[in-house]
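Below: one structure, written as structure tokens.
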Amino acid sequence: MDRVIHLINWKMRLAWRMYVRNTLASLESILFLIIYITWMIFSYHIFIRATNWGLSHSVPQALIFCNLFTFLFVIWLIFSFLGYRLNESYDLNRLYAYPLPLRSIFSANLFGAFLDLSVLLPLVSYIAILVASIKSAEHFPVAILLVIALLFLQVAAGLTLVNVLYVLLPRLNLVKVGMWAALAILVWEGLLNRGIIKYPMPNFYALFREFGIKMYLPYPAGQIGIALDAYITGNISEMTIPLLGFAGWTIGILTLNYLILNYWTQLDLAKRTGTEQVPKHDLAAAFLDKLASIIEPFVGKQAYSIFRKDSLEFAARSPYFFIYKILPGSVAPVIILLAMRFNMEYIQNLSTYPALVDYALPSAMVLVLFIVIGQGNLFAGNHFGLEDAMIRSIMVFPVPRKAILLGKNLFLGGLFLLDTIVLSLLSLLFYNSAYIFFGIFTLLLTLFILILSIGNFTSSLWPYWMPFDKPSYTFRNTVILGLVNAGVTLVLVVAIAPVVAGIALPYRYEIFWLGYIFMPLAIFYGFSFHRLSLNPAVNVLENSEFQIIRRVADREQL
């Protein structure tokens, strides 16, 4: 036991030593800390306002707790799924090299991660909810204990999720997984369209009604919210069932985490790191060999070689690329649009919120467009984050820098083209119009070409990439990438405005022939923008090579 406590203490001190060292390392790091503290203060006020709004609109206090606690819980888990580093010093492959028992590794990672900066953000938000809703100071000690218990489960769930990504995902054949997922979505959509199965009636309107409490009873964040409300209102006996359910969740997640770690420690190194020998019958390689005869004459053999390497290394064989790009950037928009399509008939029958019909579909479209643009900016401006440390090998290849950028653009452009086709087809579920289909296809394709054009610059000018050799990256890099993403989005709004006007105005005034003439011109505009920006981007890359390599070396030393 003493060894475990010592290891936990060492891990906490190590994490905070790294924070202090990294914070004082440069003016940029100090600026990041200021941004982080500002964001915590901002989130504190946001959740106070959200709580006060619910209380002023007669929303039951139990539902306020359940809604906001569940929101924080889910958002924090989504961040960990997208690569949020739950603990700066958390790396199973490094810990495996030390002669530590499994029990020590399990306890150190669980309790060591509890004081990570990433945990302080939801903790501040939880406290804001309590400050706004609890009027008696005597209720605060127990309320804080319940929140800490929920935060403990939140950290355990996040670590379990990361462990699953470490252990299980690298062992999957991603090509087969993608094919089965696409088939399942098509079958599900067909069954819904033919009425064989019914989409469940949405219950989101119950989030602000008293009977909505039953929705949260099976889930841990809701169980804590119900128990907290029962304690504040003096119904202590009603705390028993939700707390027992919460205890069951906690025991289950801890057990799953321990079993995964136990399974991981018994795998050999090749299986743990996902570096097994590639099978002889590789579907992705065979497909790319056939594709070479079509693409290679237009871009050259060297650019196609970069495209082929990235396609095999990341899209076909990297589990982490599947996490970062395919799931949030492609599957999420599809799920949102399908869910909205099959909920529209129910939304129209909800007399409780008649104005919801006018805003539901546009809100879904805006959300999907936000996800698509955000993911596009992230990856187009992250060319060399895909390579991470291997960028040094790319830079010493006797390959023109123009071929490198073209190859990277081909790889990401192929993924963006698939996104464009899928989203355009989904538009037919809402609008039975050929003009809408071709208009959305033209708009998205031009948008992605512009994103690739700008990304050629940002990937060289701001080399703060998200490394793909591990399933997490620092929150500091997340903030920097977010700021760059916001700047690029502003440029895109200006660049895409003529295309939006050229497609929307003919539709508004029903001059469809003019819109059909404009669509190929819009795509030509996008390709012209890319062609004109390619040579200056090559010059920027050549002038930034030393800085790029130095950034990678600095990151490896931390």
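Just so we're on the same page: first chain in the structure tokens is A, next is B, and so on; residues restart at 1 for each chain, and ligands are numbered from 1 in the order they show up.
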
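For Val131 of chain A, the set of protein, DNA and RNA residues having any atom at most 12 Å away, when counting only C-alpha atoms and skipping those fewer than 4 positions along the same chain, is A:Tyr44, A:His45, A:Phe47, A:Ile48, A:Arg49, A:Ala50, A:Thr51, A:Asn52, A:Phe65, A:Val124, A:Ser125, A:Tyr126, A:Ile127, A:Lys135, A:Ser136, A:Ala137, A:His139, A:Phe140, A:Ala143, A:Ile144.
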
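Among the candidates A:Met519, A:Pro400, A:Gly487, A:Tyr525, the residue lying nearest to Asn539 of chain A is A:Pro400 (atoms considered: only C-alpha atoms).
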